[in-house]
file run-v8.txt (compact mmCIF, C-alpha atoms)
# COMPACT_ATOMS: atom_id res chain seq x y z
CA MET A 498 179.91 197.96 75.08
CA ALA A 499 176.97 195.70 74.19
CA SER A 500 176.19 194.74 70.59
CA GLN A 501 172.87 193.03 71.40
CA ILE A 502 170.41 192.81 74.31
CA HIS A 503 168.16 189.74 74.63
CA PHE A 504 165.33 188.76 76.98
CA LEU A 505 164.89 184.99 77.29
CA ASP A 506 162.56 182.76 79.28
CA ILE A 507 163.82 180.18 81.78
CA LYS A 508 164.25 177.60 78.98
CA GLY A 509 166.38 179.96 76.94
CA LYS A 510 163.73 180.86 74.34
CA THR A 511 164.12 184.42 73.07
CA LEU A 512 161.23 186.74 73.99
CA LEU A 513 162.64 190.06 72.74
CA SER A 514 165.90 191.24 71.20
CA ARG A 515 167.57 194.52 70.24
CA ASP A 516 170.58 194.67 67.92
CA TYR A 517 172.61 197.88 68.27
CA LYS A 518 175.68 197.31 66.07
CA GLY A 519 174.96 194.50 63.60
CA ASP A 520 178.41 192.96 64.11
CA ILE A 521 177.10 189.68 65.58
CA PRO A 522 174.77 187.28 63.68
CA SER A 523 171.21 187.41 65.00
CA ASN A 524 171.08 183.64 65.62
CA THR A 525 174.13 183.69 67.94
CA ILE A 526 171.89 183.85 71.02
CA GLU A 527 170.57 180.37 70.19
CA LYS A 528 173.80 178.96 71.61
CA PHE A 529 173.21 180.58 75.01
CA PRO A 530 170.96 177.84 76.55
CA LEU A 531 173.52 175.18 75.64
CA LEU A 532 176.33 177.20 77.20
CA LEU A 533 174.31 177.56 80.41
CA LEU A 534 173.73 173.80 80.43
CA ASP A 535 177.46 173.20 80.01
CA LEU A 536 178.12 175.47 82.99
CA GLU A 537 175.65 173.59 85.17
CA ASN A 538 177.13 170.24 84.18
CA ASP A 539 180.72 171.35 84.74
CA GLU A 540 181.43 169.49 87.99
CA ASN A 541 185.05 170.64 88.03
CA ASN A 542 184.03 174.30 88.22
CA GLU A 543 182.50 174.95 91.65
CA GLU A 544 181.86 178.61 90.82
CA SER A 545 180.12 177.94 87.50
CA ASN A 546 176.67 178.85 88.85
CA TYR A 547 177.93 182.27 89.92
CA LYS A 548 179.77 183.22 86.74
CA PRO A 549 178.01 186.19 85.11
CA PHE A 550 179.43 185.66 81.63
CA VAL A 551 180.47 182.98 79.13
CA ASN A 552 182.93 183.35 76.26
CA TYR A 553 182.39 181.15 73.22
CA GLN A 554 184.04 181.50 69.81
CA GLY A 555 184.97 185.12 70.45
CA ILE A 556 181.52 186.18 71.68
CA ASN A 557 180.91 187.26 75.29
CA TYR A 558 177.52 186.28 76.75
CA ILE A 559 176.94 188.52 79.79
CA TYR A 560 173.72 187.77 81.65
CA ILE A 561 171.53 188.27 84.73
CA ASN A 562 168.78 185.94 85.94
CA HIS A 563 165.63 187.67 87.20
CA ASN A 564 162.17 186.19 87.92
CA ASN A 565 162.70 183.18 85.63
CA LEU A 566 164.04 185.47 82.92
CA TYR A 567 167.51 185.83 81.47
CA VAL A 568 168.61 189.30 80.38
CA CYS A 569 171.67 188.72 78.23
CA ALA A 570 174.06 191.12 76.46
CA LEU A 571 176.31 189.97 73.62
CA THR A 572 179.58 191.67 72.75
CA ARG A 573 182.48 190.78 70.51
CA LYS A 574 185.07 193.12 72.01
CA ASN A 575 186.92 192.71 75.31
CA ASP A 576 184.56 195.04 77.17
CA ASN A 577 184.16 195.81 80.86
CA VAL A 578 181.92 192.97 82.05
CA MET A 579 180.91 194.68 85.29
CA ALA A 580 179.88 197.86 83.44
CA ILE A 581 177.53 195.81 81.26
CA ILE A 582 176.15 193.97 84.31
CA VAL A 583 175.46 197.30 86.01
CA PHE A 584 173.59 198.45 82.89
CA LEU A 585 171.54 195.23 82.76
CA SER A 586 170.69 195.66 86.45
CA LYS A 587 169.58 199.25 85.78
CA LEU A 588 167.53 198.07 82.80
CA ILE A 589 165.72 195.56 85.03
CA GLU A 590 165.14 198.29 87.62
CA VAL A 591 163.64 200.66 85.01
CA LEU A 592 161.34 198.00 83.54
CA THR A 593 160.20 197.03 87.03
CA GLU A 594 159.34 200.69 87.70
CA TYR A 595 157.20 200.71 84.55
CA PHE A 596 155.51 197.30 84.86
CA LYS A 597 155.63 196.77 88.67
CA VAL A 598 156.72 193.15 88.09
CA LEU A 599 159.16 192.13 85.37
CA GLU A 600 158.37 188.61 84.19
CA GLU A 601 157.68 186.73 80.97
CA GLU A 602 154.09 187.94 80.71
CA SER A 603 154.99 191.61 81.19
CA ILE A 604 157.64 191.28 78.46
CA ARG A 605 155.08 189.84 76.01
CA ASP A 606 152.49 192.51 76.86
CA ASN A 607 154.82 195.51 76.48
CA PHE A 608 156.99 194.98 73.38
CA VAL A 609 156.55 198.52 72.08
CA ILE A 610 157.46 200.39 75.24
CA ILE A 611 160.42 198.05 75.94
CA TYR A 612 161.86 198.73 72.49
CA GLU A 613 161.45 202.48 73.08
CA LEU A 614 163.22 202.21 76.43
CA LEU A 615 166.03 200.13 74.95
CA ASP A 616 166.54 202.79 72.27
CA GLU A 617 166.63 205.61 74.81
CA MET A 618 168.78 203.84 77.39
CA MET A 619 171.45 202.66 74.94
CA ASP A 620 172.79 204.17 71.71
CA PHE A 621 174.98 202.06 69.42
CA GLY A 622 175.75 199.84 72.41
CA HIS A 623 176.69 202.68 74.77
CA PRO A 624 174.56 203.42 77.89
CA GLN A 625 172.70 206.73 77.84
CA THR A 626 169.83 207.90 80.07
CA SER A 627 168.97 205.39 82.79
CA ASP A 628 167.00 207.51 85.27
CA THR A 629 163.38 206.33 85.43
CA GLN A 630 162.02 209.74 86.39
CA ILE A 631 163.57 211.33 83.29
CA LEU A 632 162.46 208.49 80.99
CA LYS A 633 158.87 208.71 82.22
CA GLN A 634 158.65 212.31 81.07
CA TYR A 635 158.58 211.30 77.40
CA ILE A 636 158.01 207.53 77.38
CA THR A 637 154.73 206.71 79.08
CA GLN A 638 153.17 203.40 79.97
CA ASP A 639 149.71 204.59 78.94
CA TYR A 640 150.25 205.15 75.23
CA PHE A 641 153.07 202.77 74.26
CA LYS A 642 154.52 205.47 72.00
CA LEU A 643 156.18 208.86 72.18
CA ILE A 644 153.73 211.60 73.19
CA ARG A 645 153.05 214.10 70.39
CA LYS A 646 152.30 217.81 70.62
CA THR A 647 149.22 219.29 68.93
CA SER A 648 151.48 220.39 66.11
CA SER A 649 152.17 216.67 65.37
CA ARG A 650 155.84 217.17 66.16
CA LEU A 651 157.54 214.74 68.50
CA VAL A 652 158.17 216.01 71.98
CA GLN A 653 161.84 216.75 72.41
CA PRO A 654 163.68 214.87 75.13
CA PRO A 655 163.82 216.80 78.42
CA ASN A 656 166.80 219.10 78.86
CA ALA A 657 167.98 216.86 81.67
CA VAL A 658 168.94 214.21 79.12
CA THR A 659 171.63 216.44 77.64
CA ASN A 660 172.53 218.43 80.76
CA SER A 661 175.42 217.51 83.04
CA VAL A 662 172.79 217.02 85.76
CA ASN A 663 170.90 214.42 83.74
CA TRP A 664 168.91 213.09 86.69
CA ARG A 665 166.97 216.34 87.19
CA SER A 666 164.93 218.56 84.87
CA GLU A 667 165.12 222.33 84.91
CA GLY A 668 162.17 224.55 85.76
CA ILE A 669 160.77 222.49 88.66
CA VAL A 670 158.57 224.64 90.90
CA TYR A 671 156.90 223.90 94.24
CA LYS A 672 154.68 226.21 96.23
CA LYS A 673 156.16 224.86 99.45
CA ASN A 674 159.77 223.66 99.31
CA GLU A 675 160.36 220.61 101.47
CA ALA A 676 162.81 217.72 101.70
CA PHE A 677 162.01 214.56 103.66
CA LEU A 678 164.92 212.36 104.76
CA ASP A 679 164.47 208.85 106.17
CA VAL A 680 167.23 206.76 107.71
CA VAL A 681 165.88 203.19 107.46
CA GLU A 682 167.79 200.28 108.98
CA SER A 683 166.69 196.68 108.43
CA ILE A 684 168.17 194.26 110.92
CA ASN A 685 168.64 190.58 110.10
CA MET A 686 169.26 188.32 113.05
CA LEU A 687 169.45 184.59 113.76
CA ILE A 688 168.57 183.75 117.38
CA ASN A 689 168.69 180.31 118.97
CA ALA A 690 166.02 178.85 121.25
CA GLN A 691 167.90 180.16 124.32
CA GLY A 692 167.73 183.77 123.08
CA GLN A 693 171.40 184.02 122.04
CA VAL A 694 172.28 185.90 118.86
CA LEU A 695 174.12 183.60 116.44
CA ASN A 696 174.47 186.02 113.55
CA SER A 697 173.31 189.54 112.71
CA GLU A 698 173.71 192.38 110.24
CA ILE A 699 172.22 195.80 109.55
CA LEU A 700 171.25 196.93 106.04
CA GLY A 701 170.77 200.69 106.03
CA GLU A 702 169.43 203.22 103.55
CA VAL A 703 169.26 207.01 103.54
CA LYS A 704 166.16 207.86 101.50
CA ILE A 705 165.12 211.32 100.36
CA LYS A 706 161.83 212.65 99.02
CA SER A 707 162.60 215.98 97.37
CA HIS A 708 159.94 218.61 96.73
CA LEU A 709 162.31 221.48 95.95
CA SER A 710 162.19 224.12 93.23
CA GLY A 711 164.93 224.97 90.78
CA MET A 712 168.37 223.38 91.05
CA PRO A 713 168.99 223.10 94.81
CA ASP A 714 172.39 222.12 96.17
CA LEU A 715 172.17 219.99 99.31
CA ARG A 716 174.79 219.22 101.93
CA LEU A 717 174.20 216.32 104.31
CA GLY A 718 176.05 216.05 107.60
CA LEU A 719 176.09 212.76 109.49
CA ASN A 720 177.88 211.81 112.69
CA ASP A 721 180.25 210.54 110.07
CA LYS A 722 183.86 211.38 110.88
CA GLY A 723 184.34 208.10 112.65
CA ILE A 724 182.18 206.31 110.11
CA PHE A 725 184.06 207.38 107.01
CA ASN A 726 187.53 208.03 108.43
CA ASN A 727 187.66 205.05 110.79
CA GLU A 728 188.69 207.27 113.68
CA SER A 729 189.10 205.52 116.99
CA ASN A 730 186.67 207.80 118.84
CA ASN A 731 183.79 206.33 116.84
CA LYS A 732 185.11 202.89 116.02
CA ASN A 733 181.80 201.17 116.79
CA ILE A 734 180.29 202.61 113.59
CA ASP A 735 182.28 201.33 110.62
CA LEU A 736 179.96 201.19 107.62
CA GLU A 737 180.66 198.64 104.91
CA ASP A 738 179.57 198.38 101.26
CA ILE A 739 178.68 202.09 101.06
CA LYS A 740 176.89 202.94 97.80
CA PHE A 741 175.80 206.40 96.65
CA HIS A 742 173.25 207.65 94.15
CA GLN A 743 174.80 209.08 90.99
CA CYS A 744 173.91 212.62 92.13
CA VAL A 745 176.51 212.53 94.95
CA ARG A 746 179.79 214.29 94.13
CA LEU A 747 182.17 211.42 94.75
CA SER A 748 185.32 213.53 94.37
CA LYS A 749 184.08 215.86 97.12
CA PHE A 750 183.30 212.89 99.31
CA GLU A 751 186.63 211.16 98.68
CA ASN A 752 188.66 214.29 99.37
CA GLU A 753 186.68 215.93 102.19
CA LYS A 754 184.27 213.21 103.38
CA ILE A 755 181.33 215.55 102.73
CA ILE A 756 178.10 214.41 101.04
CA THR A 757 176.96 217.12 98.60
CA PHE A 758 174.48 216.66 95.75
CA ILE A 759 171.78 218.11 93.51
CA PRO A 760 168.84 215.76 94.18
CA PRO A 761 166.51 214.18 91.63
CA ASP A 762 162.92 215.31 91.92
CA GLY A 763 160.78 212.99 94.03
CA GLU A 764 161.88 209.90 95.91
CA PHE A 765 165.28 208.22 95.64
CA THR A 766 167.86 206.37 97.74
CA LEU A 767 170.80 208.65 98.40
CA MET A 768 173.00 206.13 100.17
CA SER A 769 173.00 202.50 101.29
CA TYR A 770 175.32 200.72 103.70
CA ARG A 771 175.83 197.53 105.69
CA LEU A 772 177.15 196.69 109.15
CA SER A 773 178.26 193.14 109.87
CA SER A 774 177.79 191.46 113.24
CA ASN A 775 181.30 192.27 114.44
CA GLN A 776 180.66 196.01 113.99
CA PHE A 777 177.90 196.34 116.59
CA LEU A 778 176.78 194.65 119.77
CA VAL A 779 173.04 194.27 120.04
CA LYS A 780 170.66 191.99 121.86
CA PRO A 781 167.45 190.88 120.16
CA LEU A 782 165.19 193.92 119.88
CA ILE A 783 162.13 191.67 119.94
CA LEU A 784 162.89 188.50 121.91
CA VAL A 785 160.62 185.49 121.35
CA ASN A 786 160.58 182.43 123.58
CA CYS A 787 158.38 179.61 122.33
CA LYS A 788 157.80 176.26 124.04
CA THR A 789 155.83 173.46 122.44
CA LYS A 790 154.35 170.36 123.96
CA VAL A 791 153.01 167.48 121.91
CA HIS A 792 150.28 165.36 123.48
CA LYS A 793 150.44 161.91 121.92
CA HIS A 794 148.38 161.50 118.78
CA SER A 795 145.93 164.22 119.74
CA ARG A 796 147.06 167.82 120.01
CA ILE A 797 149.95 170.27 120.20
CA GLU A 798 150.21 173.00 122.82
CA ILE A 799 152.23 176.19 122.26
CA LEU A 800 153.32 178.61 124.98
CA CYS A 801 154.90 181.73 123.52
CA SER A 802 156.23 184.87 125.19
CA VAL A 803 157.53 188.01 123.49
CA LYS A 804 159.51 190.84 125.06
CA ALA A 805 160.41 194.27 123.65
CA GLN A 806 164.06 194.73 124.62
CA ILE A 807 164.13 198.39 123.63
CA LYS A 808 164.12 201.59 125.67
CA LYS A 809 160.93 202.22 127.63
CA ARG A 810 160.23 205.43 125.75
CA SER A 811 160.38 203.57 122.43
CA VAL A 812 157.49 201.66 120.86
CA ALA A 813 157.60 198.85 118.31
CA ASN A 814 154.75 198.99 115.79
CA ASN A 815 153.02 196.25 113.79
CA VAL A 816 154.83 193.40 115.51
CA GLU A 817 154.14 189.98 113.95
CA ILE A 818 155.34 186.62 115.28
CA VAL A 819 154.91 183.92 112.63
CA ILE A 820 154.98 180.49 114.33
CA PRO A 821 155.26 177.40 112.06
CA LEU A 822 152.91 174.45 112.65
CA PRO A 823 152.55 170.85 111.46
CA ASP A 824 150.86 170.76 108.05
CA ASP A 825 147.85 168.79 109.28
CA ALA A 826 147.11 170.77 112.47
CA ASP A 827 143.46 171.81 112.90
CA THR A 828 140.80 173.06 115.37
CA PRO A 829 142.90 175.92 116.79
CA LYS A 830 142.22 177.68 120.10
CA PHE A 831 144.10 180.84 121.10
CA THR A 832 144.48 182.77 124.35
CA PRO A 833 146.64 185.88 123.79
CA GLU A 834 147.38 188.16 126.73
CA TYR A 835 147.54 191.04 124.24
CA GLY A 836 147.00 191.39 120.51
CA THR A 837 145.32 188.99 118.10
CA VAL A 838 146.18 185.53 116.80
CA LYS A 839 145.22 184.18 113.38
CA TRP A 840 145.61 180.67 111.99
CA ILE A 841 146.77 180.50 108.35
CA PRO A 842 146.20 176.82 107.37
CA GLU A 843 147.45 177.18 103.78
CA LYS A 844 150.82 178.37 105.13
CA ALA A 845 150.78 176.05 108.18
CA CYS A 846 151.45 178.82 110.68
CA LEU A 847 150.02 181.07 113.38
CA ILE A 848 150.47 184.84 113.23
CA TRP A 849 150.41 186.70 116.52
CA LYS A 850 149.95 190.44 115.87
CA LEU A 851 150.66 193.25 118.34
CA LYS A 852 149.83 196.64 116.86
CA THR A 853 151.86 198.63 119.41
CA PHE A 854 154.48 197.15 121.73
CA PRO A 855 156.05 199.53 124.34
CA GLY A 856 159.69 199.00 125.30
CA GLY A 857 160.28 196.79 128.34
CA LYS A 858 156.88 195.10 128.10
CA GLN A 859 156.38 191.33 127.88
CA PHE A 860 153.28 189.43 126.78
CA HIS A 861 152.28 185.77 126.61
CA MET A 862 150.15 183.70 124.27
CA ARG A 863 148.84 180.15 124.55
CA ALA A 864 147.60 178.13 121.58
CA GLU A 865 146.29 174.61 121.20
CA LEU A 866 145.69 172.72 117.96
CA GLY A 867 144.52 169.23 117.09
CA LEU A 868 146.70 166.63 115.38
CA PRO A 869 144.60 164.12 113.43
CA SER A 870 147.51 162.01 112.16
CA VAL A 871 149.75 159.74 114.20
CA VAL A 872 153.31 161.11 114.00
CA ASP A 873 156.36 160.64 116.18
CA SER A 874 156.57 163.53 118.67
CA GLU A 875 160.25 164.13 117.87
CA THR A 876 159.57 164.84 114.20
CA ILE A 877 156.17 166.50 114.42
CA LEU A 878 157.47 170.04 114.89
CA SER A 879 158.38 172.00 111.82
CA LYS A 880 162.05 172.62 111.19
CA LYS A 881 161.20 176.13 110.05
CA PRO A 882 162.16 178.94 112.47
CA ILE A 883 159.87 181.59 113.88
CA LYS A 884 159.79 184.74 111.71
CA VAL A 885 159.49 188.13 113.40
CA ASN A 886 158.39 191.42 111.79
CA PHE A 887 158.38 194.84 113.44
CA SER A 888 159.02 198.54 112.94
CA ILE A 889 160.51 200.93 115.51
CA PRO A 890 160.32 204.68 114.71
CA TYR A 891 162.75 207.34 115.97
CA PHE A 892 165.50 204.75 116.46
CA THR A 893 168.54 203.33 114.64
CA THR A 894 170.48 200.32 115.84
CA SER A 895 173.81 201.55 114.44
CA GLY A 896 173.57 204.97 116.10
CA ILE A 897 173.97 206.85 112.81
CA GLN A 898 172.43 210.34 113.03
CA VAL A 899 171.80 213.27 110.73
CA ARG A 900 173.56 216.36 112.09
CA TYR A 901 172.20 218.70 109.41
CA LEU A 902 170.63 218.87 105.95
CA ARG A 903 171.41 222.24 104.36
CA ILE A 904 169.54 223.33 101.25
CA ASN A 905 170.77 226.12 98.99
CA GLU A 906 169.22 227.28 95.72
CA PRO A 907 171.50 230.09 94.50
CA LYS A 908 168.99 231.65 92.08
CA LEU A 909 165.66 231.37 93.91
CA GLN A 910 166.96 231.78 97.48
CA TYR A 911 163.80 230.28 99.01
CA GLN A 912 163.20 229.11 102.54
CA SER A 913 163.10 225.32 102.75
CA TYR A 914 161.92 222.83 105.33
CA PRO A 915 163.92 219.63 105.82
CA TRP A 916 162.34 216.77 107.81
CA VAL A 917 164.25 213.79 109.24
CA ARG A 918 162.92 210.43 110.45
CA TYR A 919 164.62 207.29 111.77
CA ILE A 920 163.17 203.80 111.43
CA THR A 921 164.52 200.40 112.48
CA GLN A 922 162.66 197.41 111.11
CA ALA A 923 163.01 193.65 110.88
CA GLY A 924 164.79 192.50 107.74
CA GLU A 925 163.80 189.56 105.59
CA ASP A 926 165.75 187.22 107.85
CA TYR A 927 164.96 188.06 111.47
CA THR A 928 164.33 184.54 112.78
CA VAL A 929 164.24 182.53 116.01
CA ARG A 930 164.98 178.81 116.10
CA LEU A 931 162.50 176.55 117.87
CA LYS A 932 165.21 174.08 118.93
call {"tool": "encode", "arguments": {"input": "run-v8.txt", "output": "structure tokens"}}
result
Amino acid sequence: MASQIHFLDIKGKTLLSRDYKGDIPSNTIEKFPLLLLDLENDENNEESNYKPFVNYQGINYIYINHNNLYVCALTRKNDNVMAIIVFLSKLIEVLTEYFKVLEEESIRDNFVIIYELLDEMMDFGHPQTSDTQILKQYITQDYFKLIRKTSSRLVQPPNAVTNSVNWRSEGIVYKKNEAFLDVVESINMLINAQGQVLNSEILGEVKIKSHLSGMPDLRLGLNDKGIFNNESNNKNIDLEDIKFHQCVRLSKFENEKIITFIPPDGEFTLMSYRLSSNQFLVKPLILVNCKTKVHKHSRIEILCSVKAQIKKRSVANNVEIVIPLPDDADTPKFTPEYGTVKWIPEKACLIWKLKTFPGGKQFHMRAELGLPSVVDSETILSKKPIKVNFSIPYFTTSGIQVRYLRINEPKLQYQSYPWVRYITQAGEDYTVRLK
């Protein structure tokens, strides 16, 4: 695996390095910025910007770009590139859990704890413990060093580090044993000005918050026979890009299509999936129709309507319609039929907020803003689309459902309480074109 791990800024200057094997000269990383520049200038290689590694003079440079940082692993052997990339991705995830935001400043401010994490997560170039919850038990952000007992002896790593179930510690006890399961689907959709869906996808996650004692064994049942087996009686649900947490017994799933696992303590994502637009037929859940009228050299008038195209018993919460405006618009006046409207001049937009939006309802809003500059009416409107945010509880677009969540702790034999919620929300790219 990796011989060295390096953190570099956007210009390729090394911020922090860890050498695990000593088989590669320490100054080898200095060549990395030049190799990146060669890739960018290679006009004959259209995929150069997407290549996650470079080989030069027998050294493999395997890297990930994150928040204007490069995290780069060096190896001399013909190693599994994707395995190293997965480790680098996990390393970024762990550091983000510790520092909230991983950037150049957080690297400079946390040298000690990063070195400790690098030593615990990799040994002689081989990945070891990578679960944040386990690492936080003996590497803390508060002290920047290993916690010591009163006897001045170092705290031993948790048993979970050496157990086969290395994502969960032994001896966990809760007064009330509960498991909370959320099925969260984020829908991305591109809608034209006529309300037609041009493109759409669903990104789903099954999240669990586990407050269970001992070593519980869980079995999750979904309406999944058609999903996982592609049976014709459920062909409308064909999940793609399914990913499981490491706690899931993949052999059991592959052979019997059953999801069984011993959960980590606390919150984690058990499973993620994707549905492309050809896997489901759906109209816009929140349909926005926006008409604009430019009065020559003086003002712009906006007439906007929004309709909740969901079942009448459903309610969309925290609906936001972000309407782009000309940069120099001023003196706004709003007349919403329902909700509130706020002008955000620094972002050149209006935000129409509706706290609760019952299914089947439709509301209108009129806005008028001044235009101090003289601009051609054809080019005055922003080319940016309208952005829509919302959250709909007790509903999934794909139709995926939890049939059961069985909890068994063979030693303690306690009574447990599983809770299930469904949420559909707007993804990062739920947009409506103005033209």
call {"tool": "closest_residue", "arguments": {"input": "run-v8.txt", "among": "A:Asn905, A:Asn552, A:Gln693, A:Asn557", "to": "Leu717 of chain A", "atoms": "only C-alpha atoms"}}
result
A:Asn905
call {"tool": "closest_residue", "arguments": {"input": "run-v8.txt", "among": "A:Tyr770, A:Phe887, A:Tyr919, A:Phe860", "to": "Tyr835 of chain A", "atoms": "all atoms listed in the file"}}
result
A:Phe860
call {"tool": "closest_residue", "arguments": {"input": "run-v8.txt", "among": "A:Ser895, A:Gln634, A:Ser710, A:Ser697", "to": "Leu909 of chain A", "atoms": "all atoms listed in the file"}}
result
A:Ser710
call {"tool": "closest_residue", "arguments": {"input": "run-v8.txt", "among": "A:Gly857, A:Thr893, A:Gln922, A:Arg716", "to": "Asn814 of chain A", "atoms": "all atoms listed in the file"}}
result
A:Gln922
call {"tool": "closest_residue", "arguments": {"input": "run-v8.txt", "among": "A:Glu906, A:Glu798, A:Glu843, A:Asp714", "to": "Phe758 of chain A", "atoms": "all atoms listed in the file"}}
result
A:Asp714
